Amino acid sequence: MRDERGAHGLVRLRGRNGALDVGAGEEDGTHRRSVVAPPASAAAGRQDGDVSADPGSEIPTLADVVAARERIAPYLGPTLLRRYATLSELVGADVWVKHENQNPTGAFKIRGGINLVAQLPEDERERGLIAASTGNHGQSIAYAARAFGVRATICVPADANPLKVDAIRSLGAEIVSHGRDFDEAREHCAALAEREGLRYVHSGNEPQLIAGVATATLELVEQEPEIDVILVPVGGGSGAAGACVVAKAVRPEIEVVGVQSEAAPAAYRSWRERRIVEDAMGTFAEGLATRVGFELPQRILWGHLDDFVLVGEDDLRRAIVQMIDATRQLVEAAGAAALAGALKLRERLHGKRVALICSGGNITLTQLRAVLGDR
Ligand SMILES: Cc1ncc(COP(=O)(O)O)c(C=O)c1O
């Protein structure tokens, strides 16, 4: 598939099933920026403390996503989008799975890491990178740092998924293990960045990360242009924000629905209340385990996300097994959240063409045994 600029700055996307015209309007000076609420920090005082991007930083456009795709293409092939009859029957809709679990690090985040590190200014490359992560963002930054010859340090919570920690280490990054959960690791990371003069790569407040992860949705709408609804798991919200940027530029009728655990609902509540809020964090789904909404993704979600559902921890456990059973592939808890959300919205999705973002597959054998244990 290729894109080319036509008159009026439209980007023409050529897919298997014909062409789509999408407004990207960069060259004619009408740079297409989303009109969304002002930064929450301006009104409410920042609560996500360690925003590394300028709070007024621009929201990525479709043109940024198209450029990101060019940048990541030498490193990542497109992931599979496949329709599953069993999942379609289960949900009562036409169900497709976007297999982001098939990326080299086993998760969608790598798209963002490569897009960001590829554009680092020389002084930041020299300083080296630091990021906080429950694992997949860390793998993404470690992978990209290695590819571009940059030093990386990743802060993980003390009880981080060992599979992900080993993978980060084997990619050559230094591991700093600190705190009871992601947010404690994140706060420690921000302090270390300050002390050591490292470039802090936040997992959500980074336009280039959002543009990078949005390439998954760009592929999706090219692979299946007639899709009606995209369900996206949400932790900090970069994936859902990226899905909004693409879907709303390509075909605004595509509904984008976020899914989060009711045991860690900070992003959900931040979206509903249109302000950054903090809440409990008690989910076993480490990809969804944030205690606070992130400003840049939230600003995009406030403007464009169609709906947001919470699912229970048992719903997630069940969905992992259903996804593995249907797809014959490994799926971690966050990667199964979109299915749990679709089952919750069963009535509303009836007869629609629904895409589930299977965001990652990094489940440990211990976690797998636990979810399969009583089945
Ligand atoms: C597998 C997986 N799914 C979903 C998410 C949530 O992504 P985001 O923070 O962009 O909302 C993550 C975050 O690390 C993840 O690792």
# chains A, B, ... in the order shown; residues from 1 in each chain; ligands from 1
call {"tool": "residues_near_ligand", "arguments": {"ligand": "ligand 1", "cutoff": "6 Å", "atoms": "only C-alpha atoms and all ligand atoms", "output": "number ranges by chain"}}
result
A: 107, 136-137, 233-239, 287-288, 334-335, 359-360
call {"tool": "write_last_selection", "arguments": {"atoms": "C-alpha atoms", "output": "tab-separated table (two decimals), in the first residue's frame"}}
result
chain	number	residue	atom	x	y	z
A	107	ALA	CA	3.05	-5.60	21.73
A	136	ASN	CA	5.78	-3.28	26.95
A	137	HIS	CA	6.62	0.42	26.72
A	233	PRO	CA	-7.53	-1.37	25.51
A	234	VAL	CA	-6.59	1.69	27.57
A	235	GLY	CA	-3.91	2.14	30.22
A	236	GLY	CA	-2.47	5.62	29.71
A	237	GLY	CA	-4.44	6.01	26.50
A	238	SER	CA	-1.77	6.34	23.77
A	239	GLY	CA	-3.21	3.46	21.73
A	287	GLY	CA	-0.76	-3.11	30.48
A	288	LEU	CA	-3.81	-1.36	31.93
A	334	ALA	CA	-4.54	-6.16	28.28
A	335	GLY	CA	-4.54	-7.80	24.87
A	359	SER	CA	-2.47	-5.14	21.90
A	360	GLY	CA	-0.05	-7.69	23.32
call {"tool": "residues_around", "arguments": {"residues": "region 65-81 of chain A", "least_positions_apart": "6", "cutoff": "8 Å", "atoms": "only C-alpha atoms", "output": "MDAnalysis selection string"}}
result
chainID A and resid 3 96:100 102:104 111 114:115 118 211:212 214:216 218:220 223 246
call {"tool": "atom_distance", "arguments": {"atom1": "CA of Arg348 (chain A)", "atom2": "CA of Val309 (chain A)"}}
result
12.4 Å
call {"tool": "closest_residue", "arguments": {"among": "A:Asp123, A:Asp181, A:Glu273, A:Glu58", "to": "Glu206 (chain A)", "atoms": "only C-alpha atoms"}}
result
A:Glu58
call {"tool": "closest_residue", "arguments": {"among": "A:Leu192, A:Leu171, A:Leu301, A:Val331", "to": "Tyr268 (chain A)", "atoms": "only C-alpha atoms"}}
result
A:Leu301
call {"tool": "atom_distance", "arguments": {"atom1": "CA of Cys155 (chain A)", "atom2": "CA of Asp279 (chain A)"}}
result
21.6 Å
call {"tool": "select_by_dssp", "arguments": {"residues": "region 144-284 of chain A", "states": "strand (DSSP E)", "output": "list of chain:residue names"}}
result
A:Ala152, A:Thr153, A:Ile154, A:Cys155, A:Val156, A:Glu174, A:Ile175, A:Val176, A:Ser177, A:Arg199, A:Tyr200, A:Val229, A:Ile230, A:Leu231, A:Val232, A:Pro233, A:Glu255, A:Val256, A:Val257, A:Gly258, A:Val259, A:Gln260, A:Ser261
call {"tool": "atom_distance", "arguments": {"atom1": "CA of Gly282 (chain A)", "atom2": "CA of Ala264 (chain A)"}}
result
5.7 Å
call {"tool": "closest_residue", "arguments": {"among": "A:Phe284, A:Tyr143, A:Tyr200, A:Phe148", "to": "Leu316 (chain A)", "atoms": "only C-alpha atoms"}}
result
A:Phe284
